[in-house]
Structures are given as structure tokens and as C-alpha cells.
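Heads up: the structure comes next, in C-alpha cells.
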Protein chains: 4
Amino acid sequence: MTKTTIHRVTVHFGDCDPAGIVFFPNFSRWMDQSSLAFFMACGVPPWRELLKQRGIVGTPLLEIHTKFMKPATYGETIEVHTSIEHWAAKTFRHRHVIRRGDDILCEGTETRAFVIKDPADPDRIKAIPIPEDIKALCL
Amino acid sequence: MTKTTIHRVTVHFGDCDPAGIVFFPNFSRWMDQSSLAFFMACGVPPWRELLKQRGIVGTPLLEIHTKFMKPATYGETIEVHTSIEHWAAKTFRHRHVIRRGDDILCEGTETRAFVIKDPADPDRIKAIPIPEDIKALCL
Amino acid sequence: MTKTTIHRVTVHFGDCDPAGIVFFPNFSRWMDQSSLAFFMACGVPPWRELLKQRGIVGTPLLEIHTKFMKPATYGETIEVHTSIEHWAAKTFRHRHVIRRGDDILCEGTETRAFVIKDPADPDRIKAIPIPEDIKALCL
Amino acid sequence: MTKTTIHRVTVHFGDCDPAGIVFFPNFSRWMDQSSLAFFMACGVPPWRELLKQRGIVGTPLLEIHTKFMKPATYGETIEVHTSIEHWAAKTFRHRHVIRRGDDILCEGTETRAFVIKDPADPDRIKAIPIPEDIKALCL
């Protein structure tokens with residue numbers, strides 16, 4: 001396992017749909033925010049710097065899986081608790097648990113890879129082995 | 001199985017992130033659009049009408065699972081192919097396949113329920129058995 | 001003039017476009033968040049409560065005018081400084097200044113009205129005179 | 001004046017807020033889509049190509065001004081009618097009128113500039129004189 005970081009989000013009116021509750025892709029958006037916040041909190045430079053230094057464009061998603069248990073609405077503050085629960089050769093899997101106080105609103109995983117611009121075709125990206133120094137920062 | 005409907009989407013500049021590719025929660029948004037378009041194409045009235053007639057607020061999500069295979073960028077037209085692959089007592093599961101020509105960009109499932117405002121607490125919603133007349137329209 | 005409130009926003013990766021800078025409608029979204037935060041900070045109940053108590057649905061926009069001076073990018077924290085600079089019979093005008101440290105990134109106005117559901121047609125909304133008690137809370 | 005192009009948009013559930021109407025920054029998003037669609041319809045290559053060929057990153061916004069007359073809701077199809085009403089040395093001004101059938105829902109202007117990456121600092125952008133060949137394509 002790794003460190004667990006907490007990303008706080010205030011739910012806004014425009015995040016909610018005509019049913020008055022959070023429009024669900026926003027939960028994916030907040031998990032994505034929390035993924036980057038996790039790496040930043042671990043001391044990894046922002047993608048913009050990694051791109052210049054090492055050609056790393058970011059950590060695009062390969063797979064997501066989310067269960068929604070309780071809705072949220074505007075005016076509420078929620079927390080995304082984020083860790084990395086699995087490392088493979090070229091991928092890793094985040095676990096995100098979104099809480100409002102003691103309630104779990106939703107939880108899910110994201111499988112991601114570190115990618116660079118493909119040297120053979122700069123319009124494409126390709127996955128690289130998990131950078132060991134970045135992994136070490138997260139443990 | 002059910003009918004399969006196709007929801008066409010043009011990818012716009014603002015749908016893409018600093019890596020130049022679609023920011024992934026937009027794929028969830030387009031699957032959600034395609035879910036409603038599926039019901040409309042099957043002859044189900046919009047939620048707004050179902051709310052007035054039968055108290056049905058919509059079909060919020062219980063679970064999503066998506067695999068991302070290829071990225072898309074702005075200027076491209078993509079298609080969301082949507083069906084219902086499973087009906088349970090109070091839930092159903094959509095299958096969405098997003099294509100660009102012959103390429104599959106991503107595919108996933110959404111588990112949803114039909115919900116009404118909870119008579120005991122109008123600030124809450126509760127799932128109802130799948131309405132048989134709506135199911136019949138989808139087959 | 002009125003109170004001035006400050007709404008802090010962290011800019012995220014998904015808020016930025018392929019040019020690497022904030023996709024501009026997000027600035028409008030953050031001004032909208034700051035408008036509601038302004039009323040909440042002044043002690044006005046959330047729209048959801050006002051709807052139940054007085055039928056007030058919210059404060060939809062009639063007009064916006066925004067100048068963009070400097071871009072922002074992800075990882076930055078910005079502040080929306082919000083006040084009300086003018087009250088008319090049925091409308092009011094917000095001023096929002098978005099700052100990053102000493103830099104002004106953009107500034108603009110929003111003209112809004114308090115609206116209720118139209119008693120003659122609940123699918124429509126209609127503006128009401130500025131509620132004096134709400135105005136008093138903002139001064 | 002220039003050509004006028006029409007960009008059609010279907011309003012979706014997730015574009016609407018708890019009041020059941022389009023969350024207004026989406027109108028700005030659709031005007032932005034229509035700006036790019038205008039240039040594409042005039043025969044201008046996508047920004048991605050202009051970046052490679054001529055270093056042009058896009059046409060970021062300097063100023064927007066929008067009036068909202070009527071709301072829209074999900075299930076409706078609306079049209080953004082877009083032209084360029086003014087050309088200055090380094091800026092131009094779009095006019096966008098959003099219609100639903102005979103109704104005008106909102107109208108506004110966008111002032112934009114063509115920008116390149118600043119040769120002195122590639123993290124910054126700078127405006128260039130309106131490219132005459134691009135202007136000629138729009139008339």
C-alpha cells in the first residue's frame with residue numbers, strides 16, 4: 001500500500017442536475033483531481049514539469065470502476081480519500097473513497113499508466129514502465 | 001437483449017485536456033446522454049414528463065465500469081452504441097461501446113435504477129421495480 | 001456597495017484545454033460559485049431552503065460581461081472577489097475580480113434576478129422585486 | 001461582415017442545473033464550439049494543424065458579453081448562429097445568436113486574438129496580427 005491523501009471538494013449548484021443531486025461524471029472528475037493531488041502531495045512534480053524533464057505527459061486512464069451509494073448535493077463538503085492499492089509493470093491502480101462525514105458516498109478504482117509521447121509518432125502516446133523514483137515517493 | 005441505439009457526438013476543443021485528448025469524464029457524460037437517448041428512441045417520455053405523470057425522477061447510476069482503449073481528440077465524430085444487456089428486479093445494466101469508425105475507443109457498463117421521490121421524505125429518492133411498460137418499449 | 005467575499009478555487013488539470021490553460025467557461029462557473037458563496041456568507045439560506053420557504057428558485061443570469069487578462073493553469077490557486085455593485089428594482093449586478101496573488105486574471109459583472117416558479121405556469125420562472133430582507137443581509 | 005454558420009446543439013440532462021434549465025456556462029461552451037466550427041466551415045485547418053504549420057495555438061478569448069433572454073432545457077435542439085462582426089489589427093469580434101426555432105435564447109459577442117507561443121518564453125502566448133489569408137477565408 002501507499003500513503004493515503006485526502007482531497008476536499010465543495011459541491012456547487014452547477015455540479016448538480018435537474019434531480020438536485022451531483023451529476024455523476026463530477027465524481028470521476030473529483031477522483032481525477034485527487035489522483036494528481038496524491039502525486040503532488042507525495043512530492044512528484046506537476047505533469048507540465050515532468051513533460052519538460054522526462055517527456056512524461058501524464059497518467060491517462062485505462063479503466064475505471066465506481067459504485068455510487070449515496071447522493072450529494074450543493075453546499076456539502078466531501079472528501080476523496082486516495083491511495084494506490086496495486087502496482088503492475090506498466091500500470092497502477094488507485095483506490096478512491098468519497099466520504100461526507102461518516103457516510104461513504106461512492107468508491108472506486110482507477111487503473112492508470114505513465115505515458116510519454118511516442119517517439120515514432122508524436123501525435124500518439126505510449127506507456128512506460130512505472131518510474132521507480134516516482135513509485136518510491138508514494139510509499 | 002434490447003434494441004441498440006447510436007448516439008453521435010462531435011468532440012470539441014473544450015472537451016480535451018492539456019494532453020490534447022478527451023478528458024475522460026466526458027466519455028461518462030456521453031454514455032449518460034446515450035442512456036437517455038436510448039429511452040427516448042424507444043418511445044419513453046422524458047424524465048420531466050414521467051415525473052409529472054408517475055413521480056419517476058430518472059434513472060440514477062448505481063455503478064459504472066469503463067475500459068479506455070484509444071484516445072479521441074477534437075474535430076472527431078464518435079458514436080455511442082447503447083443497449084440494455086441485463087434486467088434485474090429493481091436495476092438494469094446498460095452496455096455502451098464508443099466507436100470512431102471501426103475503432104473501439106472505450107466500452108463500459110452502467111447499472112441504473114428507476115427512482116421516485118421517497119414519499120416518507122421528499123428530499124430522498126428510492127428505487128422502484130422496473131416498470132414493465134417501459135421495459136416492453138425497450139425490447 | 002456591499003460586503004466583498006472571497007471564493008478560493010484550485011485550478012485542476014481537467015479545467016484546462018489543449019493549450020494548457022483554463023478553458024474560459026470555467027471562469028464563468030467559478031464566478032457563479034462565488035455568487036452563491038457570497039449569499040451564503042451573508043447569511044442567506046441555500047436556494048433549496050428558499051424554494052421551500054418562499055418559492056424562490058434561485059438567481060438566474062440575465063447578462064454577463066467578462067474581460068480576460070491573464071491565463072491560469074492547473075496547480076494554481078486563484079481567488080474570486082465578489083460584491084454587488086448595483087441594485088435595481090428587480091435585478092442586481094455582481095462584480096467579480098479573479099486574482100492570483102497580485103495579478104488580476106479576469107474581471108466581470110453578472111446581472112441577475114431573484115425568480116420564483118410562475119404561478120400561472122409552473123414550468124416557467126418569473127422575476128420578483130429584490131427581497132428587502134435578503135438585500136439587507138448583503139450590505 | 002462575414003459568412004454566418006450554424007452550429008446545432010442538443011441540450012442534455014447533465015447540461016441542466018437543479019432549476020431544470022441549462023447551466024449558463026454551457027452557453028459559453030457552445031459559443032466557443034461554434035467559433036471553431038465557424039473557422040472549420042470557412043476552410044481554416046484545426047488549431048492542431050496550424051500549430052505545426054505556423055505556430056498558431058488558437059484564438060483565446062479577451063472578452064465576452066452575453067445576454068440571456070429565455071432558458072432552455074434538456075431534449076431541446078438549439079442553434080448557434082455565428083459570424084465575425086468586426087476585425088481590428090490584432091483582434092476580431094464574433095457575434096453569436098442562440099435560437100430555438102423562432103425564439104432567441106441568448107446572444108453575445110466574443111473578442112478573440114490569434115496567438116502563438118511567445119518565442120521569448122514558450123510557457124507564454126502572444127497575439128499576432130490577424131492572418132490575412134485566414135481572414136480572406138471567412139469573408
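Starting from 1 in every chain, residues are counted up; chains themselves are A, B, ... following the order of the C-alpha cells, and ligands are numbered from 1 as listed.
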As a PyMOL selection string, please: all residues of region 9-132 of chain A that backbone DSSP puts in strand (DSSP E).
chain A and resi 9-10+56-58+61-68+77-87+92-100+103-112+115-118+121-127
Find the residues of chain D in contact range of chain A, meaning any atom within 6 Å when counting only C-alpha atoms, and list them as a count of residues only.
5
Sorted per-residue table, region 79-131 of chain B near region 26-29 of chain B, closest atoms and distance, 10 Å, only C-alpha atoms, as JSON lines:
{"residue": "B:Val80", "atom": "CA", "partner": "B:Phe27", "partner_atom": "CA", "distance": 9.3}
{"residue": "B:His96", "atom": "CA", "partner": "B:Ser28", "partner_atom": "CA", "distance": 9.8}
{"residue": "B:Ile98", "atom": "CA", "partner": "B:Phe27", "partner_atom": "CA", "distance": 8.4}
{"residue": "B:Leu105", "atom": "CA", "partner": "B:Phe27", "partner_atom": "CA", "distance": 9.7}
{"residue": "B:Cys106", "atom": "CA", "partner": "B:Phe27", "partner_atom": "CA", "distance": 8.2}
{"residue": "B:Glu107", "atom": "CA", "partner": "B:Phe27", "partner_atom": "CA", "distance": 9.5}
{"residue": "B:Gly108", "atom": "CA", "partner": "B:Ser28", "partner_atom": "CA", "distance": 9.2}
{"residue": "B:Glu110", "atom": "CA", "partner": "B:Ser28", "partner_atom": "CA", "distance": 9.4}
Kindly export the residues of the current selection with N, CA, C and O atoms, as a compact mmCIF listing (two decimals), in the first residue's frame.
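This went into result.txt:
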# COMPACT_ATOMS: atom_id res chain seq x y z
N VAL B 80 -21.76 6.44 -29.77
CA VAL B 80 -22.01 5.62 -28.58
C VAL B 80 -23.12 4.63 -28.95
O VAL B 80 -24.26 5.05 -29.21
N HIS B 96 -22.45 0.21 -23.23
CA HIS B 96 -22.12 1.29 -24.15
C HIS B 96 -20.79 0.97 -24.83
O HIS B 96 -19.80 0.68 -24.13
N ILE B 98 -18.16 2.83 -27.43
CA ILE B 98 -17.91 4.08 -28.15
C ILE B 98 -16.92 3.80 -29.28
O ILE B 98 -15.83 3.29 -29.06
N LEU B 105 -13.13 2.91 -29.04
CA LEU B 105 -12.37 3.83 -28.19
C LEU B 105 -12.50 3.45 -26.72
O LEU B 105 -11.54 3.47 -25.97
N CYS B 106 -13.73 3.15 -26.32
CA CYS B 106 -13.92 2.69 -24.95
C CYS B 106 -15.22 1.94 -24.87
O CYS B 106 -16.08 2.08 -25.73
N GLU B 107 -15.36 1.11 -23.86
CA GLU B 107 -16.62 0.42 -23.67
C GLU B 107 -16.86 0.24 -22.19
O GLU B 107 -15.91 0.18 -21.41
N GLY B 108 -18.15 0.16 -21.85
CA GLY B 108 -18.43 0.06 -20.43
C GLY B 108 -19.87 -0.26 -20.16
O GLY B 108 -20.70 -0.35 -21.07
N GLU B 110 -23.21 0.54 -17.33
CA GLU B 110 -23.81 1.39 -16.30
C GLU B 110 -24.93 0.58 -15.65
O GLU B 110 -25.81 0.09 -16.37
Go ahead and compute the interatomic distance for CA of Cys42 (chain C) and CA of His7 (chain C), in Å to one decimal.
13.1 Å
Fewer than 5 positions away in the same chain doesn't count, so skip those; otherwise give me all residues within 7 Å of Thr91 (chain A), counting only C-alpha atoms, as a ChimeraX atom specification.
/A:111-113,130
Would you mind exporting the chosen residues as an mmCIF file, in the first residue's frame, restricted to C-alpha atoms?
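Output file result05.cif is given in full below:
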data_model
loop_
_atom_site.group_PDB
_atom_site.id
_atom_site.type_symbol
_atom_site.label_atom_id
_atom_site.label_comp_id
_atom_site.auth_asym_id
_atom_site.auth_seq_id
_atom_site.Cartn_x
_atom_site.Cartn_y
_atom_site.Cartn_z
ATOM 1 C CA THR A 111 -6.183 1.917 -13.460
ATOM 2 C CA ARG A 112 -3.640 4.262 -14.991
ATOM 3 C CA ALA A 113 -0.304 4.222 -16.809
ATOM 4 C CA ILE A 130 6.391 2.594 -13.678
#
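Nearest residue to Ile128 (chain C) among C:Val9, C:Gly55, C:Ser83, C:Lys67 is C:Gly55, counting only C-alpha atoms.
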Could you check the closest approach to Thr109 (chain D) for each of D:Pro71, D:Asp32, D:Lys126, D:Asp121 and tell me which residue wins, using only C-alpha atoms?
D:Asp32
Rounded to one decimal in Å, what is the spacing between CA of His81 (chain B) and CA of Glu76 (chain D)?
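CA of His81 (chain B) sits 21.3 Å away from CA of Glu76 (chain D).
Going from CA of Met1 (chain B) over to CA of Glu85 (chain B), you cover 5.3 Å.
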As a list in words, which residues of region 41-130 of chain D does DSSP assign to helix (DSSP H, G or I)?
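After running DSSP on the backbone, region 41-130 of chain D has helix (DSSP H, G or I) at Ala41, Trp47, Arg48, Glu49, Leu50, Leu51, Lys52, Gln53 and Arg54 of chain D.
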Write the residues of the selection above to a file with N, CA, C and O atoms, as an mmCIF file, in the first residue's frame.
data_model
loop_
_atom_site.group_PDB
_atom_site.id
_atom_site.type_symbol
_atom_site.label_atom_id
_atom_site.label_comp_id
_atom_site.auth_asym_id
_atom_site.auth_seq_id
_atom_site.Cartn_x
_atom_site.Cartn_y
_atom_site.Cartn_z
ATOM 1 N N ALA D 41 -15.665 25.561 -40.984
ATOM 2 C CA ALA D 41 -16.591 25.649 -42.120
ATOM 3 C C ALA D 41 -16.058 26.613 -43.184
ATOM 4 O O ALA D 41 -16.367 26.482 -44.367
ATOM 5 N N TRP D 47 -6.743 23.922 -35.119
ATOM 6 C CA TRP D 47 -5.610 24.554 -34.392
ATOM 7 C C TRP D 47 -4.392 23.641 -34.351
ATOM 8 O O TRP D 47 -3.250 24.091 -34.472
ATOM 9 N N ARG D 48 -4.651 22.356 -34.137
ATOM 10 C CA ARG D 48 -3.582 21.348 -34.058
ATOM 11 C C ARG D 48 -2.682 21.400 -35.297
ATOM 12 O O ARG D 48 -1.464 21.286 -35.205
ATOM 13 N N GLU D 49 -3.303 21.605 -36.499
ATOM 14 C CA GLU D 49 -2.515 21.703 -37.727
ATOM 15 C C GLU D 49 -1.830 23.064 -37.822
ATOM 16 O O GLU D 49 -0.672 23.168 -38.224
ATOM 17 N N LEU D 50 -2.565 24.116 -37.440
ATOM 18 C CA LEU D 50 -1.983 25.466 -37.503
ATOM 19 C C LEU D 50 -0.795 25.590 -36.553
ATOM 20 O O LEU D 50 0.151 26.334 -36.818
ATOM 21 N N LEU D 51 -0.859 24.854 -35.452
ATOM 22 C CA LEU D 51 0.249 24.877 -34.504
ATOM 23 C C LEU D 51 1.508 24.319 -35.158
ATOM 24 O O LEU D 51 2.593 24.911 -35.074
ATOM 25 N N LYS D 52 1.357 23.193 -35.855
ATOM 26 C CA LYS D 52 2.521 22.586 -36.515
ATOM 27 C C LYS D 52 3.032 23.448 -37.665
ATOM 28 O O LYS D 52 4.238 23.602 -37.855
ATOM 29 N N GLN D 53 2.106 23.980 -38.453
ATOM 30 C CA GLN D 53 2.494 24.693 -39.668
ATOM 31 C C GLN D 53 2.982 26.104 -39.390
ATOM 32 O O GLN D 53 3.903 26.598 -40.032
ATOM 33 N N ARG D 54 2.321 26.790 -38.430
ATOM 34 C CA ARG D 54 2.562 28.216 -38.298
ATOM 35 C C ARG D 54 2.713 28.672 -36.853
ATOM 36 O O ARG D 54 2.817 29.876 -36.583
#
Name all residues at most 12 Å from Asp102 (chain A) (count only C-alpha atoms; drop same-chain ones fewer than 3 positions away) and give them as a PyMOL selection string.
chain A and resi 70+78-79+97-99+105
So, with only C-alpha atoms as the atoms that count, which of D:Pro60, D:Ile125, D:Ala120, D:Pro45 lies closest to Arg93 (chain D)?
D:Pro60
What's around Ile84 (chain A) at 8 Å? Count only C-alpha atoms, leave out sequence neighbours fewer than 2 positions away in its own chain, and write the answer as an MDAnalysis selection string.
chainID A and resid 1:4 82 86:87 92:95
Residues as selected, N, CA, C and O atoms, written as a PDB file, in the first residue's frame, can you do that?
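Output saved as part-v7.pdb:
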ATOM      1  N   MET A   1       0.829  -1.206   0.000  1.00  0.00           N
ATOM      2  CA  MET A   1       0.000   0.000   0.000  1.00  0.00           C
ATOM      3  C   MET A   1       0.869   1.264   0.000  1.00  0.00           C
ATOM      4  O   MET A   1       2.085   1.204   0.092  1.00  0.00           O
ATOM      5  N   THR A   2       0.194   2.355  -0.121  1.00  0.00           N
ATOM      6  CA  THR A   2       0.881   3.631  -0.221  1.00  0.00           C
ATOM      7  C   THR A   2       0.313   4.582   0.825  1.00  0.00           C
ATOM      8  O   THR A   2      -0.552   4.231   1.614  1.00  0.00           O
ATOM      9  N   LYS A   3       0.798   5.788   0.768  1.00  0.00           N
ATOM     10  CA  LYS A   3       0.179   6.868   1.513  1.00  0.00           C
ATOM     11  C   LYS A   3      -1.291   7.000   1.102  1.00  0.00           C
ATOM     12  O   LYS A   3      -1.669   6.590  -0.005  1.00  0.00           O
ATOM     13  N   THR A   4      -2.095   7.573   1.984  1.00  0.00           N
ATOM     14  CA  THR A   4      -3.463   7.957   1.615  1.00  0.00           C
ATOM     15  C   THR A   4      -3.566   9.465   1.760  1.00  0.00           C
ATOM     16  O   THR A   4      -3.187  10.016   2.795  1.00  0.00           O
ATOM     17  N   THR A  82      -7.601   8.927  -1.176  1.00  0.00           N
ATOM     18  CA  THR A  82      -6.935   8.316  -2.325  1.00  0.00           C
ATOM     19  C   THR A  82      -5.631   7.628  -1.940  1.00  0.00           C
ATOM     20  O   THR A  82      -4.815   8.201  -1.213  1.00  0.00           O
ATOM     21  N   HIS A  86      -2.385  -1.118  -5.911  1.00  0.00           N
ATOM     22  CA  HIS A  86      -1.703  -2.151  -6.680  1.00  0.00           C
ATOM     23  C   HIS A  86      -0.762  -1.513  -7.699  1.00  0.00           C
ATOM     24  O   HIS A  86      -1.110  -0.527  -8.339  1.00  0.00           O
ATOM     25  N   TRP A  87       0.461  -2.104  -7.837  1.00  0.00           N
ATOM     26  CA  TRP A  87       1.408  -1.675  -8.866  1.00  0.00           C
ATOM     27  C   TRP A  87       1.684  -2.860  -9.782  1.00  0.00           C
ATOM     28  O   TRP A  87       2.078  -3.921  -9.296  1.00  0.00           O
ATOM     29  N   PHE A  92      -0.797   1.087 -12.640  1.00  0.00           N
ATOM     30  CA  PHE A  92      -1.065   1.073 -11.194  1.00  0.00           C
ATOM     31  C   PHE A  92      -2.549   1.331 -10.988  1.00  0.00           C
ATOM     32  O   PHE A  92      -3.240   1.810 -11.898  1.00  0.00           O
ATOM     33  N   ARG A  93      -3.037   0.970  -9.800  1.00  0.00           N
ATOM     34  CA  ARG A  93      -4.476   1.104  -9.549  1.00  0.00           C
ATOM     35  C   ARG A  93      -4.709   1.946  -8.300  1.00  0.00           C
ATOM     36  O   ARG A  93      -4.266   1.604  -7.203  1.00  0.00           O
ATOM     37  N   HIS A  94      -5.403   3.065  -8.511  1.00  0.00           N
ATOM     38  CA  HIS A  94      -5.824   3.924  -7.400  1.00  0.00           C
ATOM     39  C   HIS A  94      -7.081   3.357  -6.758  1.00  0.00           C
ATOM     40  O   HIS A  94      -7.941   2.801  -7.453  1.00  0.00           O
ATOM     41  N   ARG A  95      -7.209   3.563  -5.451  1.00  0.00           N
ATOM     42  CA  ARG A  95      -8.497   3.404  -4.780  1.00  0.00           C
ATOM     43  C   ARG A  95      -8.912   4.772  -4.266  1.00  0.00           C
ATOM     44  O   ARG A  95      -8.111   5.493  -3.670  1.00  0.00           O
TER      45      ARG A  95
END
